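target_32.cif (mmCIF, N, CA and C atoms)
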```cif
data_target
loop_
_atom_site.label_atom_id
_atom_site.label_comp_id
_atom_site.auth_asym_id
_atom_site.auth_seq_id
_atom_site.Cartn_x
_atom_site.Cartn_y
_atom_site.Cartn_z
N MET A 16 0.84 -1.19 0.00
CA MET A 16 0.00 0.00 0.00
C MET A 16 0.88 1.24 0.00
N ALA A 17 0.30 2.33 -0.44
CA ALA A 17 0.98 3.63 -0.44
C ALA A 17 -0.04 4.68 -0.03
N LEU A 18 0.46 5.79 0.45
CA LEU A 18 -0.40 6.87 0.91
C LEU A 18 0.10 8.17 0.30
N PHE A 19 -0.82 8.93 -0.29
CA PHE A 19 -0.47 10.20 -0.92
C PHE A 19 -1.16 11.35 -0.22
N LEU A 20 -0.40 12.40 -0.01
CA LEU A 20 -0.93 13.65 0.47
C LEU A 20 -1.35 14.46 -0.75
N VAL A 21 -2.60 14.89 -0.77
CA VAL A 21 -3.14 15.68 -1.86
C VAL A 21 -3.57 17.02 -1.26
N THR A 22 -3.04 18.10 -1.79
CA THR A 22 -3.39 19.42 -1.28
C THR A 22 -3.54 20.40 -2.44
N TYR A 23 -4.35 21.42 -2.23
CA TYR A 23 -4.62 22.35 -3.31
C TYR A 23 -4.95 23.73 -2.76
N ASP A 24 -4.73 24.74 -3.59
CA ASP A 24 -5.19 26.10 -3.36
C ASP A 24 -6.17 26.42 -4.48
N LEU A 25 -7.42 26.62 -4.11
CA LEU A 25 -8.45 26.95 -5.09
C LEU A 25 -8.56 28.47 -5.10
N ARG A 26 -8.09 29.07 -6.17
CA ARG A 26 -7.84 30.51 -6.18
C ARG A 26 -8.92 31.35 -6.85
N LYS A 27 -10.00 30.77 -7.25
CA LYS A 27 -11.05 31.54 -7.92
C LYS A 27 -12.32 31.49 -7.08
N GLU A 28 -12.66 32.59 -6.47
CA GLU A 28 -13.85 32.63 -5.61
C GLU A 28 -15.11 32.41 -6.42
N GLY A 29 -16.09 31.81 -5.77
CA GLY A 29 -17.37 31.62 -6.40
C GLY A 29 -17.48 30.38 -7.28
N GLN A 30 -16.41 29.62 -7.38
CA GLN A 30 -16.44 28.40 -8.19
C GLN A 30 -17.03 27.25 -7.37
N ASP A 31 -17.58 26.29 -8.05
CA ASP A 31 -18.15 25.11 -7.42
C ASP A 31 -17.12 23.99 -7.45
N TYR A 32 -16.49 23.73 -6.32
CA TYR A 32 -15.51 22.66 -6.25
C TYR A 32 -16.11 21.38 -5.65
N GLY A 33 -17.43 21.33 -5.60
CA GLY A 33 -18.10 20.13 -5.12
C GLY A 33 -17.70 18.88 -5.89
N PRO A 34 -17.58 18.95 -7.23
CA PRO A 34 -17.16 17.76 -7.98
C PRO A 34 -15.75 17.28 -7.60
N LEU A 35 -14.84 18.19 -7.29
CA LEU A 35 -13.50 17.79 -6.84
C LEU A 35 -13.59 17.04 -5.53
N ILE A 36 -14.34 17.58 -4.59
CA ILE A 36 -14.48 16.93 -3.29
C ILE A 36 -15.20 15.60 -3.43
N LYS A 37 -16.21 15.53 -4.28
CA LYS A 37 -16.91 14.27 -4.53
C LYS A 37 -15.95 13.23 -5.08
N ARG A 38 -15.09 13.63 -6.03
CA ARG A 38 -14.13 12.70 -6.62
C ARG A 38 -13.14 12.21 -5.58
N LEU A 39 -12.67 13.10 -4.71
CA LEU A 39 -11.76 12.69 -3.64
C LEU A 39 -12.42 11.63 -2.76
N HIS A 40 -13.67 11.84 -2.42
CA HIS A 40 -14.40 10.83 -1.63
C HIS A 40 -14.52 9.52 -2.39
N GLU A 41 -14.83 9.59 -3.69
CA GLU A 41 -14.95 8.37 -4.50
C GLU A 41 -13.64 7.58 -4.51
N LEU A 42 -12.52 8.28 -4.48
CA LEU A 42 -11.21 7.63 -4.49
C LEU A 42 -10.81 7.08 -3.13
N GLY A 43 -11.59 7.39 -2.10
CA GLY A 43 -11.29 6.90 -0.76
C GLY A 43 -10.41 7.83 0.06
N ALA A 44 -10.28 9.08 -0.37
CA ALA A 44 -9.45 10.04 0.36
C ALA A 44 -10.12 10.46 1.66
N GLN A 45 -9.29 10.79 2.65
CA GLN A 45 -9.75 11.29 3.93
C GLN A 45 -9.25 12.71 4.11
N ARG A 46 -10.13 13.64 4.45
CA ARG A 46 -9.74 15.04 4.64
C ARG A 46 -9.03 15.17 5.99
N VAL A 47 -7.84 15.80 5.96
CA VAL A 47 -7.09 16.04 7.19
C VAL A 47 -7.01 17.52 7.54
N LEU A 48 -7.06 18.39 6.55
CA LEU A 48 -7.17 19.84 6.72
C LEU A 48 -8.14 20.34 5.66
N LEU A 49 -8.48 21.61 5.67
CA LEU A 49 -9.51 22.10 4.76
C LEU A 49 -9.25 21.77 3.30
N SER A 50 -8.02 21.91 2.86
CA SER A 50 -7.68 21.62 1.46
C SER A 50 -6.60 20.55 1.34
N THR A 51 -6.53 19.68 2.32
CA THR A 51 -5.50 18.64 2.35
C THR A 51 -6.14 17.30 2.67
N TRP A 52 -5.81 16.32 1.86
CA TRP A 52 -6.40 14.99 1.97
C TRP A 52 -5.30 13.94 1.97
N LEU A 53 -5.59 12.78 2.56
CA LEU A 53 -4.72 11.61 2.45
C LEU A 53 -5.46 10.57 1.61
N LEU A 54 -4.76 10.07 0.60
CA LEU A 54 -5.36 9.17 -0.38
C LEU A 54 -4.59 7.86 -0.43
N PRO A 55 -5.15 6.77 0.10
CA PRO A 55 -4.50 5.46 0.00
C PRO A 55 -4.52 4.97 -1.46
N GLN A 56 -3.44 4.32 -1.85
CA GLN A 56 -3.31 3.73 -3.19
C GLN A 56 -2.67 2.35 -3.07
N ARG A 57 -2.88 1.49 -4.06
CA ARG A 57 -2.30 0.15 -4.03
C ARG A 57 -0.78 0.17 -4.14
N THR A 58 -0.26 1.12 -4.94
CA THR A 58 1.19 1.21 -5.14
C THR A 58 1.61 2.68 -5.03
N GLY A 59 2.91 2.88 -4.92
CA GLY A 59 3.43 4.24 -4.82
C GLY A 59 4.27 4.60 -6.03
N GLY A 60 4.92 5.74 -5.94
CA GLY A 60 5.83 6.17 -6.98
C GLY A 60 5.34 7.37 -7.75
N GLY A 61 6.24 7.90 -8.56
CA GLY A 61 5.96 9.09 -9.33
C GLY A 61 4.84 8.94 -10.33
N ASP A 62 4.74 7.76 -10.94
CA ASP A 62 3.67 7.54 -11.92
C ASP A 62 2.29 7.63 -11.26
N VAL A 63 2.19 7.16 -10.02
CA VAL A 63 0.92 7.23 -9.30
C VAL A 63 0.59 8.67 -8.97
N ALA A 64 1.58 9.44 -8.53
CA ALA A 64 1.36 10.86 -8.24
C ALA A 64 0.87 11.59 -9.48
N VAL A 65 1.46 11.30 -10.62
CA VAL A 65 1.05 11.92 -11.89
C VAL A 65 -0.39 11.52 -12.22
N ALA A 66 -0.72 10.26 -12.02
CA ALA A 66 -2.08 9.79 -12.30
C ALA A 66 -3.10 10.48 -11.40
N ILE A 67 -2.76 10.67 -10.14
CA ILE A 67 -3.64 11.39 -9.21
C ILE A 67 -3.83 12.82 -9.69
N ARG A 68 -2.72 13.47 -10.04
CA ARG A 68 -2.80 14.85 -10.54
C ARG A 68 -3.68 14.94 -11.78
N ASN A 69 -3.48 14.01 -12.71
CA ASN A 69 -4.25 14.04 -13.95
C ASN A 69 -5.74 13.80 -13.70
N ASP A 70 -6.04 12.89 -12.81
CA ASP A 70 -7.44 12.58 -12.48
C ASP A 70 -8.10 13.80 -11.83
N LEU A 71 -7.51 14.31 -10.77
CA LEU A 71 -8.13 15.40 -10.03
C LEU A 71 -7.99 16.74 -10.75
N GLY A 72 -6.99 16.85 -11.62
CA GLY A 72 -6.80 18.09 -12.36
C GLY A 72 -7.97 18.46 -13.25
N ARG A 73 -8.78 17.48 -13.60
CA ARG A 73 -9.97 17.75 -14.41
C ARG A 73 -10.96 18.67 -13.70
N TYR A 74 -10.84 18.76 -12.37
CA TYR A 74 -11.78 19.53 -11.57
C TYR A 74 -11.21 20.88 -11.13
N LEU A 75 -10.02 21.22 -11.60
CA LEU A 75 -9.36 22.46 -11.20
C LEU A 75 -9.43 23.50 -12.30
N ASP A 76 -9.38 24.76 -11.89
CA ASP A 76 -9.27 25.86 -12.84
C ASP A 76 -7.79 26.08 -13.17
N ASN A 77 -7.53 26.82 -14.23
CA ASN A 77 -6.15 27.06 -14.66
C ASN A 77 -5.31 27.80 -13.63
N ASN A 78 -5.92 28.59 -12.77
CA ASN A 78 -5.15 29.34 -11.78
C ASN A 78 -5.06 28.64 -10.42
N ASP A 79 -5.66 27.47 -10.26
CA ASP A 79 -5.56 26.71 -9.01
C ASP A 79 -4.18 26.07 -8.90
N ARG A 80 -3.83 25.69 -7.68
CA ARG A 80 -2.56 25.01 -7.42
C ARG A 80 -2.85 23.65 -6.81
N PHE A 81 -1.94 22.69 -7.08
CA PHE A 81 -2.19 21.30 -6.68
C PHE A 81 -0.87 20.60 -6.41
N LEU A 82 -0.88 19.73 -5.41
CA LEU A 82 0.30 18.92 -5.09
C LEU A 82 -0.15 17.53 -4.64
N ALA A 83 0.46 16.50 -5.22
CA ALA A 83 0.27 15.12 -4.77
C ALA A 83 1.65 14.55 -4.49
N ILE A 84 1.87 14.06 -3.29
CA ILE A 84 3.18 13.57 -2.90
C ILE A 84 3.02 12.35 -2.00
N GLU A 85 3.88 11.36 -2.21
CA GLU A 85 3.78 10.13 -1.42
C GLU A 85 4.26 10.37 0.01
N VAL A 86 3.52 9.83 0.97
CA VAL A 86 3.80 9.99 2.40
C VAL A 86 4.54 8.75 2.91
N LYS A 87 5.56 8.99 3.66
CA LYS A 87 6.26 7.89 4.34
C LYS A 87 5.73 7.79 5.76
N ASN A 88 6.09 6.74 6.47
CA ASN A 88 5.53 6.49 7.80
C ASN A 88 6.24 7.31 8.87
N ALA A 89 6.26 8.60 8.69
CA ALA A 89 6.76 9.52 9.71
C ALA A 89 5.91 10.78 9.59
N ALA A 90 5.18 11.11 10.63
CA ALA A 90 4.28 12.25 10.55
C ALA A 90 4.05 12.84 11.94
N ALA A 91 3.72 14.09 11.96
CA ALA A 91 3.31 14.78 13.18
C ALA A 91 2.19 15.73 12.80
N TRP A 92 1.27 15.97 13.70
CA TRP A 92 0.14 16.84 13.39
C TRP A 92 -0.42 17.43 14.65
N HIS A 93 -1.30 18.40 14.45
CA HIS A 93 -2.00 19.05 15.55
C HIS A 93 -3.38 19.44 15.08
N ARG A 94 -4.41 18.84 15.65
CA ARG A 94 -5.81 19.18 15.40
C ARG A 94 -6.22 19.11 13.94
N CYS A 95 -6.15 17.96 13.37
CA CYS A 95 -6.59 17.77 11.99
C CYS A 95 -8.10 17.56 11.94
N GLU A 96 -8.65 17.61 10.74
CA GLU A 96 -10.09 17.43 10.55
C GLU A 96 -10.56 16.05 11.00
N MET A 97 -9.75 15.03 10.72
CA MET A 97 -10.12 13.70 11.17
C MET A 97 -9.51 13.46 12.55
N GLY A 98 -10.03 12.53 13.31
CA GLY A 98 -9.55 12.27 14.65
C GLY A 98 -8.11 11.77 14.67
N ASP A 99 -7.42 12.05 15.75
CA ASP A 99 -6.01 11.68 15.89
C ASP A 99 -5.78 10.17 15.72
N LEU A 100 -6.61 9.37 16.36
CA LEU A 100 -6.42 7.92 16.27
C LEU A 100 -6.71 7.41 14.86
N ASP A 101 -7.72 7.96 14.21
CA ASP A 101 -8.03 7.57 12.84
C ASP A 101 -6.89 7.95 11.90
N LEU A 102 -6.34 9.14 12.08
CA LEU A 102 -5.24 9.59 11.24
C LEU A 102 -4.01 8.72 11.44
N LYS A 103 -3.70 8.42 12.69
CA LYS A 103 -2.54 7.56 12.99
C LYS A 103 -2.73 6.18 12.34
N ALA A 104 -3.92 5.62 12.45
CA ALA A 104 -4.19 4.30 11.87
C ALA A 104 -4.07 4.34 10.34
N LEU A 105 -4.58 5.39 9.72
CA LEU A 105 -4.51 5.52 8.27
C LEU A 105 -3.06 5.56 7.80
N ILE A 106 -2.22 6.32 8.48
CA ILE A 106 -0.81 6.42 8.12
C ILE A 106 -0.11 5.09 8.34
N GLU A 107 -0.32 4.48 9.49
CA GLU A 107 0.34 3.20 9.79
C GLU A 107 -0.07 2.11 8.82
N ARG A 108 -1.32 2.11 8.41
CA ARG A 108 -1.86 1.08 7.52
C ARG A 108 -1.40 1.23 6.08
N ASN A 109 -1.15 2.46 5.64
CA ASN A 109 -0.93 2.71 4.22
C ASN A 109 0.41 3.28 3.83
N ALA A 110 1.07 4.04 4.70
CA ALA A 110 2.30 4.71 4.33
C ALA A 110 3.48 3.75 4.35
N ALA A 111 4.39 3.94 3.41
CA ALA A 111 5.60 3.13 3.35
C ALA A 111 6.52 3.50 4.49
N PRO A 112 7.29 2.55 5.01
CA PRO A 112 8.23 2.87 6.11
C PRO A 112 9.34 3.79 5.67
#
```

Entire entry expressed as C-alpha cells:
Amino acid sequence: MALFLVTYDLRKEGQDYGPLIKRLHELGAQRVLLSTWLLPQRTGGGDVAVAIRNDLGRYLDNNDRFLAIEVKNAAAWHRCEMGDLDLKALIERNAAP
C-alpha cells in the first residue's frame, strides 16, 4: 500500500468545487485539513502521483494550485479534521516505512 498527500489552493472565488471533493471521496481520500487529503493507493511512486494529478486536475481551474506527494511512515500533526487515532491508523496502515 501507499499513501499520498493531496493538497490544493483553489484561487477563484465563487467556483463550485463540489465535484472535486466528490471525486476525492470516490477515491477513498480522507480530509485532514480544509484543502489537504490523504489518499490510499495500491502502489506508490511518481507515476501514481502523476495519475492522481491528472485525475483530479480535471476539476481544477487554470489558476488553481495542486500537489500530490507520497507519504512515508513519519508524521506529526496538531488538530486535523479527522480524529487523531483515525489519522494515525490511516498512516500506519498505508504509508511506506

| Got a sec: who's within 6 Å of Leu20 (chain A), counting all atoms listed in the file, leaving out chain neighbours fewer than 2 positions off, as an MDAnalysis selection string? | chainID A and resid 18 22 52:54 82:86

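Put simply, the PyMOL selection byres (((chain A and resi 108 and name CA) around 10) and name CA) on this file hits Met16, Ala17, Leu18, Pro55, Asn88, Leu102, Lys103, Ala104, Leu105, Ile106, Glu107, Asn109, Ala110 and Ala111 of chain A.
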
| field | Filtered DSSP result for chain A, state strand (DSSP E or B), as a ChimeraX atom specification | value | /A:17-24,45-48,51-56,80-87,111

| query | Given the file above and the PyMOL selection byres (((chain A and resi 71 and name CA) around 12) and name CA), which residues are selected, and can you give them as a ChimeraX atom specification? | reply | /A:21-23,32,34-42,44,54,64-70,72-76,79-83

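Going from atom N of Arg26 (chain A) over to atom C of His93 (chain A), you cover 23.8 Å.
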
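CA of Cys95 (chain A) lies 25.4 Å from CA of Gly29 (chain A).
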
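For the pair CA of Thr58 (chain A) and atom N of Asp101 (chain A), the separation is 22.3 Å.
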
| said: Can you pull out every residue from chain A that DSSP, working from the backbone, puts in helix (DSSP H, G or I), and format the result as a ChimeraX atom specification? | reply: /A:33-41,61-72,99-109

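Compared by their closest atoms to Ser50 (chain A), and using all atoms listed in the file, the residues A:Leu25, A:Lys87, A:Gly98, A:Asn78 rank with A:Leu25 nearest.
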
| Which of these residues is nearest to Ala89 (chain A), using only N, CA and C atoms: A:Gln56, A:Pro112, A:Gln45, A:Val63? | A:Pro112
